[in-house]
Structure formats: structure tokens, C-alpha cells
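Shown here: entry_7.txt, compact mmCIF, C-alpha atoms.
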```txt
# COMPACT_ATOMS: atom_id res chain seq x y z
CA MET A 3 21.96 -6.96 -12.83
CA ARG A 4 20.92 -4.53 -15.56
CA LEU A 5 17.23 -3.66 -15.60
CA ASN A 6 15.35 -2.39 -18.63
CA ILE A 7 13.59 0.39 -16.75
CA GLN A 8 11.55 1.54 -19.72
CA PHE A 9 9.98 -1.93 -19.94
CA TYR A 10 8.76 -1.69 -16.35
CA PHE A 11 7.48 1.83 -16.96
CA GLU A 12 5.42 0.56 -19.90
CA LEU A 13 4.20 -2.36 -17.80
CA GLN A 14 2.97 0.08 -15.16
CA LYS A 15 1.12 2.13 -17.78
CA ALA A 16 -0.57 -1.01 -19.08
CA LEU A 17 -1.53 -2.18 -15.58
CA SER A 18 -2.95 1.25 -14.69
CA LYS A 19 -5.65 0.69 -17.32
CA LEU A 20 -6.93 -2.25 -15.26
CA VAL A 21 -7.75 -0.06 -12.25
CA GLU A 22 -11.39 -0.24 -11.18
CA PHE A 23 -13.33 2.29 -9.11
CA LYS A 24 -15.92 0.79 -6.81
CA LYS A 25 -18.12 2.09 -4.01
CA ILE A 26 -17.34 0.20 -0.80
CA GLU A 27 -20.24 -0.05 1.63
CA LYS A 28 -18.58 -1.95 4.48
CA ILE A 29 -15.09 -1.49 5.89
CA GLU A 30 -14.77 -3.23 9.24
CA LYS A 31 -11.58 -5.27 8.90
CA VAL A 32 -8.44 -4.03 7.19
CA LEU A 33 -5.26 -5.81 6.16
CA ALA A 34 -2.20 -3.58 6.61
CA LEU A 35 1.11 -4.31 4.88
CA ASP A 36 4.51 -2.81 5.63
CA VAL A 37 8.05 -3.73 4.58
CA ALA A 38 11.42 -3.18 6.27
CA TYR A 39 14.95 -4.04 5.16
CA ASN A 40 18.17 -5.32 6.63
CA SER A 41 20.97 -5.45 4.08
CA TYR A 42 19.82 -8.01 1.49
CA SER A 43 16.91 -9.30 3.56
CA VAL A 44 13.36 -7.95 3.45
CA TYR A 45 10.63 -8.37 6.05
CA CYS A 46 6.94 -7.92 5.35
CA ALA A 47 4.46 -7.55 8.20
CA ALA A 48 0.78 -8.28 7.55
CA VAL A 49 -1.81 -7.28 10.15
CA ILE A 50 -5.56 -7.84 10.08
CA TYR A 51 -7.18 -5.23 12.28
CA ASP A 52 -10.79 -4.85 13.42
CA LEU A 53 -11.82 -1.19 13.22
CA ASN A 54 -14.85 -1.69 15.46
CA LYS A 55 -13.12 -3.59 18.24
CA LYS A 56 -9.84 -1.71 17.69
CA LYS A 57 -7.76 -4.83 18.02
CA ILE A 58 -5.46 -7.10 16.03
CA LEU A 59 -7.16 -10.23 14.73
CA LYS A 60 -4.16 -11.80 13.04
CA LYS A 61 -0.55 -10.95 12.24
CA LEU A 62 2.45 -12.51 10.56
CA ILE A 63 5.95 -11.72 9.32
CA ILE A 64 7.41 -12.98 6.05
CA LYS A 65 11.15 -12.90 5.39
CA GLY A 66 12.61 -12.81 1.90
CA LYS A 67 15.58 -11.64 -0.14
CA VAL A 68 15.87 -8.28 -1.88
CA GLU A 69 15.58 -9.17 -5.57
CA PHE A 70 15.62 -5.68 -7.13
CA PRO A 71 17.51 -2.45 -6.49
CA TYR A 72 15.60 0.61 -5.31
CA ILE A 73 14.41 2.61 -8.31
CA PRO A 74 12.15 5.64 -7.70
CA GLY A 75 8.67 4.94 -9.05
CA LEU A 76 9.29 1.18 -9.26
CA LEU A 77 8.92 0.19 -5.62
CA PHE A 78 6.53 -2.59 -6.63
CA LEU A 79 9.46 -4.58 -8.03
CA ARG A 80 10.94 -4.82 -4.54
CA GLU A 81 7.87 -5.07 -2.36
CA ALA A 82 4.89 -6.47 -4.30
CA PRO A 83 6.19 -10.09 -4.43
CA ILE A 84 6.68 -10.43 -0.67
CA MET A 85 3.43 -8.56 0.04
CA LEU A 86 1.53 -11.01 -2.15
CA GLU A 87 3.19 -13.90 -0.33
CA ALA A 88 2.03 -12.44 3.00
CA ILE A 89 -1.51 -11.92 1.65
CA ASN A 90 -1.66 -15.54 0.48
CA LYS A 91 -0.40 -16.85 3.82
CA ILE A 92 -2.59 -14.82 6.16
CA LYS A 93 -5.75 -16.49 4.79
CA ASP A 94 -8.44 -14.50 6.56
CA GLU A 95 -11.35 -12.23 5.71
CA TYR A 96 -10.90 -8.47 5.37
CA ASP A 97 -12.61 -5.62 3.54
CA LEU A 98 -9.71 -3.40 2.57
CA ILE A 99 -5.95 -3.58 2.05
CA LEU A 100 -3.78 -0.73 3.33
CA VAL A 101 -0.33 -0.46 1.79
CA ASP A 102 2.58 1.66 2.97
CA GLY A 103 3.16 3.28 -0.42
CA GLN A 104 1.59 5.14 -3.32
CA GLY A 105 -1.50 4.28 -5.33
CA LEU A 106 -2.72 6.34 -8.29
CA ALA A 107 -0.80 9.42 -7.07
CA HIS A 108 2.07 8.20 -9.21
CA PRO A 109 3.60 9.33 -12.54
CA ARG A 110 2.17 6.28 -14.33
CA LYS A 111 -0.89 5.84 -12.07
CA ALA A 112 0.53 2.54 -10.86
CA GLY A 113 2.14 2.76 -7.45
CA LEU A 114 2.68 -0.22 -5.17
CA ALA A 115 -0.89 -0.07 -3.79
CA THR A 116 -2.30 -0.07 -7.33
CA ILE A 117 -0.33 -3.17 -8.31
CA ILE A 118 -1.45 -4.97 -5.13
CA GLY A 119 -5.07 -3.95 -5.73
CA ILE A 120 -5.06 -5.14 -9.33
CA LEU A 121 -3.37 -8.47 -8.54
CA THR A 122 -5.60 -9.29 -5.55
CA GLY A 123 -8.86 -7.83 -6.82
CA LYS A 124 -9.40 -6.33 -3.35
CA PRO A 125 -10.13 -2.70 -2.45
CA THR A 126 -6.72 -1.16 -1.82
CA ILE A 127 -5.48 2.20 -0.57
CA GLY A 128 -1.91 3.48 -0.54
CA ILE A 129 -0.88 5.59 2.45
CA ALA A 130 2.37 7.44 1.85
CA LYS A 131 4.49 9.65 4.06
CA SER A 132 5.70 11.77 1.14
CA PHE A 133 4.10 13.38 -1.89
CA LEU A 134 5.17 11.83 -5.19
CA TYR A 135 3.03 13.09 -8.05
CA GLY A 136 0.04 15.20 -9.05
CA GLU A 137 -1.29 18.41 -7.57
CA ILE A 138 -3.11 19.15 -4.34
CA LYS A 139 -6.28 21.21 -4.40
CA ASP A 140 -8.59 21.58 -1.38
CA SER A 141 -6.82 18.58 0.23
CA TYR A 142 -7.58 16.37 -2.79
CA ILE A 143 -4.74 14.87 -4.82
CA LEU A 144 -5.39 15.31 -8.53
CA VAL A 145 -3.69 13.52 -11.40
CA ASP A 146 -4.70 14.63 -14.90
CA GLY A 147 -7.53 16.59 -13.31
CA GLU A 148 -8.99 13.51 -11.62
CA LYS A 149 -9.34 13.12 -7.84
CA VAL A 150 -7.22 10.10 -6.94
CA GLY A 151 -6.39 10.76 -3.30
CA ILE A 152 -6.52 12.94 -0.22
CA LYS A 153 -3.84 14.73 1.81
CA PHE A 154 -4.56 14.40 5.52
CA GLY A 155 -2.20 15.84 8.10
CA LYS A 156 1.30 15.06 6.85
CA TYR A 157 0.19 11.93 4.97
CA TYR A 158 -1.09 11.15 1.49
CA ALA A 159 -3.78 8.54 0.80
CA SER A 160 -4.53 7.50 -2.74
CA ILE A 161 -6.69 4.93 -4.50
CA GLY A 162 -4.94 1.68 -5.28
CA SER A 163 -7.75 -0.10 -7.12
CA ASN A 164 -11.29 -1.39 -6.54
CA ILE A 165 -12.32 1.62 -4.45
CA ASP A 166 -13.55 5.11 -5.35
CA ILE A 167 -12.64 8.51 -3.94
CA GLU A 168 -15.87 8.76 -1.92
CA SER A 169 -15.19 5.42 -0.21
CA LEU A 170 -11.58 6.43 0.46
CA GLU A 171 -12.75 9.68 2.05
CA LYS A 172 -15.37 7.80 4.08
CA PHE A 173 -12.65 5.46 5.40
CA LEU A 174 -10.37 8.35 6.39
CA SER A 175 -13.29 10.08 8.10
CA ARG A 176 -14.00 6.93 10.07
CA ILE A 177 -10.46 6.84 11.46
CA GLY A 178 -10.55 10.56 12.21
CA PHE A 179 -8.16 11.46 9.39
CA GLN A 180 -5.34 9.95 11.44
CA TYR A 181 -2.61 7.59 10.27
CA PRO A 182 -4.22 4.10 10.34
CA GLU A 183 -3.50 2.17 13.54
CA ALA A 184 -3.19 -1.04 11.52
CA LEU A 185 -0.31 0.43 9.48
CA LYS A 186 1.38 1.71 12.65
CA ILE A 187 1.33 -1.84 14.02
CA ALA A 188 2.58 -3.34 10.74
CA ASP A 189 5.38 -0.75 10.62
CA LYS A 190 6.51 -1.63 14.16
CA LEU A 191 6.40 -5.37 13.42
CA SER A 192 8.44 -5.16 10.20
CA LYS A 193 11.03 -2.85 11.76
CA SER A 194 11.30 -5.05 14.87
CA ALA A 195 11.90 -8.12 12.70
CA SER A 196 14.58 -6.25 10.77
CA ILE A 197 16.29 -5.04 13.97
CA GLU A 198 16.15 -8.50 15.58
CA SER A 199 17.82 -10.02 12.53
CA LYS A 200 20.76 -7.64 12.95
CA LYS A 201 21.36 -8.97 16.45
CA LYS A 202 21.74 -12.55 15.23
```

Write the structure described by the file as C-alpha cells, please.
Amino acid sequence: MRLNIQFYFELQKALSKLVEFKKIEKIEKVLALDVAYNSYSVYCAAVIYDLNKKKILKKLIIKGKVEFPYIPGLLFLREAPIMLEAINKIKDEYDLILVDGQGLAHPRKAGLATIIGILTGKPTIGIAKSFLYGEIKDSYILVDGEKVGIKFGKYYASIGSNIDIESLEKFLSRIGFQYPEALKIADKLSKSASIESKKK
């Protein structure tokens, strides 16, 4: 299948203009999303986690087929559809979505977390294990001179949509600037589902 990559780049640029910055007063329950692969199958884990009680409230795994090849900067083509399916199926209340991926710290300010945030209308943060774009100054990630994220430890958190930099920093402070437990759990669940499928 031949993809018109420039079309998707332009789509990202257009979507990035829909990003909203909002102050979030309450973050008690988070929805964490992580994806793992096994050949042509994809597994998305969704976990709703209570930050106060430090426990899982709900979890599920969605299985799907890989519809797009991996293209750097266009991860949303592979993962956004199954993430949205998981979000629609989990049907529960939460204050923030955490995505294993980039947000505004992206060449076109439209990483996976940004797309998810725009499409759901929910506050969304991308937590990435590698640095993709921008510059880092005093632990802040800047794109075009604007603070869009924060480097903490060996991780990179950036705004997806519907949250501002102060609220993002407040959230990271609350979890002790550690990798979110909810994402750790989602990562284990998606990888376990992928590994189990290989045994069948």
C-alpha cells in the first residue's frame, strides 16, 4: 500500500491548530493507554487508575490488525484508531488521558497524544521514552519558543491537548516526577497480551 505521506503531514498541521490549553483543577483518575504488537496484530491496553487510592479501577485489552506501516512522526495512523476503540469501550469517568507517545513535542505539533486529545476533547498528556523534537531548557521542552512539555528523569512529557503546561507540571509533581504507575500497568498488560498470542 502506497501512502501519500505529505497528505498526512498536512493533516497533522491542520489538526495542531485545534489544540486547546486549559487549566485542570482536579486530576484524581487517569486513563492510561499503551499499545504492543505481534506481527500483524496490535493490542491496546486501557487502564483507569485512581491516584488517591493507588489502585486500578478498570482495565481492558483490545485486539486489532495493523493497518499502517510504521512511519516516524506518523504513529497516530497505527495507534490512534485502536486507542479510540478502547476509550469508547471502557466507558468510565476519568480526568486525564495518558498516552505512551508524543504530544506537542513533535515536528508538526501533532503527536499521538495530541490527536487523541483533540478527538476525545479530554485533557491528554503524552509520555515518551525518547526525545523527538524541540529543545530542552531548564527541564522544559520548547517548540518554537513555547513551553510544551517537561523532561523528567529519562522521560519526556508533553501536552496533548486540553491541558496547559502548569497543569502538566502539577500532575508530574503529584506523582513525584516518576513514570506514571498507570502507564506501567498498561505497558505490562499490552505486552502480556502480545506475548500470550505468540504462544497460541

Quiz item: Quick one: residues within 6 Å of stretch 133-145 of chain A, only C-alpha atoms counted, chain neighbours fewer than 4 positions away excluded, as a VMD selection string?
Solution: chain A and resid 107 to 109 149 to 153

Keeping only C-alpha atoms, write the selected residues to a file as an mmCIF file, in the frame of the given file.
```
data_model
loop_
_atom_site.group_PDB
_atom_site.id
_atom_site.type_symbol
_atom_site.label_atom_id
_atom_site.label_comp_id
_atom_site.auth_asym_id
_atom_site.auth_seq_id
_atom_site.Cartn_x
_atom_site.Cartn_y
_atom_site.Cartn_z
ATOM 1 C CA ALA A 107 -0.800 9.420 -7.070
ATOM 2 C CA HIS A 108 2.070 8.200 -9.210
ATOM 3 C CA PRO A 109 3.600 9.330 -12.540
ATOM 4 C CA LYS A 149 -9.340 13.120 -7.840
ATOM 5 C CA VAL A 150 -7.220 10.100 -6.940
ATOM 6 C CA GLY A 151 -6.390 10.760 -3.300
ATOM 7 C CA ILE A 152 -6.520 12.940 -0.220
ATOM 8 C CA LYS A 153 -3.840 14.730 1.810
#
```

Using all atoms listed in the file - which residues lie no farther than 7 Å from the point (-1.2, 1.2, -10.4) in the file's frame? Write them as a PDB file with C-alpha atoms, keeping the file's coordinate frame.
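Here's the written file result_13.pdb:
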```
ATOM      1  CA  GLN A  14       2.970   0.080 -15.160  1.00  0.00           C
ATOM      2  CA  LEU A  17      -1.530  -2.180 -15.580  1.00  0.00           C
ATOM      3  CA  SER A  18      -2.950   1.250 -14.690  1.00  0.00           C
ATOM      4  CA  VAL A  21      -7.750  -0.060 -12.250  1.00  0.00           C
ATOM      5  CA  GLY A 105      -1.500   4.280  -5.330  1.00  0.00           C
ATOM      6  CA  LEU A 106      -2.720   6.340  -8.290  1.00  0.00           C
ATOM      7  CA  LYS A 111      -0.890   5.840 -12.070  1.00  0.00           C
ATOM      8  CA  ALA A 112       0.530   2.540 -10.860  1.00  0.00           C
ATOM      9  CA  GLY A 113       2.140   2.760  -7.450  1.00  0.00           C
ATOM     10  CA  LEU A 114       2.680  -0.220  -5.170  1.00  0.00           C
ATOM     11  CA  ALA A 115      -0.890  -0.070  -3.790  1.00  0.00           C
ATOM     12  CA  THR A 116      -2.300  -0.070  -7.330  1.00  0.00           C
ATOM     13  CA  ILE A 117      -0.330  -3.170  -8.310  1.00  0.00           C
ATOM     14  CA  GLY A 162      -4.940   1.680  -5.280  1.00  0.00           C
TER      15      GLY A 162
END
```

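Nearest residue to A:Ser132 among A:Asp102, A:Glu30, A:Asp189, A:Asp146 is A:Asp102, counting all atoms listed in the file.
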
Quiz prompt | Long-range neighbours of stretch 34-41 of chain A as a ChimeraX atom specification, 9 Å cut-off, only C-alpha atoms, 2 positions minimum in chain | solution = /A:32,43-51,68,81,84-85,88-89,98-103,182,184-197,199-200

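Nearest to A:Phe23 of all the residues A:Asp166, A:Glu148, A:Asp94, A:Glu87 is A:Asp166, counting only C-alpha atoms.
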
Practice problem: Figure out the distance between atom CA of A:Leu62 and atom CA of A:Lys25, please, to one decimal in Å. | Solution: 29.1 Å

Quiz item: atom CA of A:Gln104 and atom CA of A:Ile127, how far apart in Å?
Solution: 8.1 Å

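The two atoms in question, atom CA of A:Pro125 and atom CA of A:Lys57, are spaced 20.7 Å apart.
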
Quiz item: Hey, which of A:Ile73, A:Leu170, A:Leu86, A:Ile92 ends up closest to A:Lys61? Count all atoms listed in the file.
Solution: A:Ile92

Quiz prompt | Residue with smallest distance to A:Gly178 - pool A:Ile26, A:Leu13, A:Ile161, A:Leu53, counting all atoms listed in the file | solution = A:Leu53
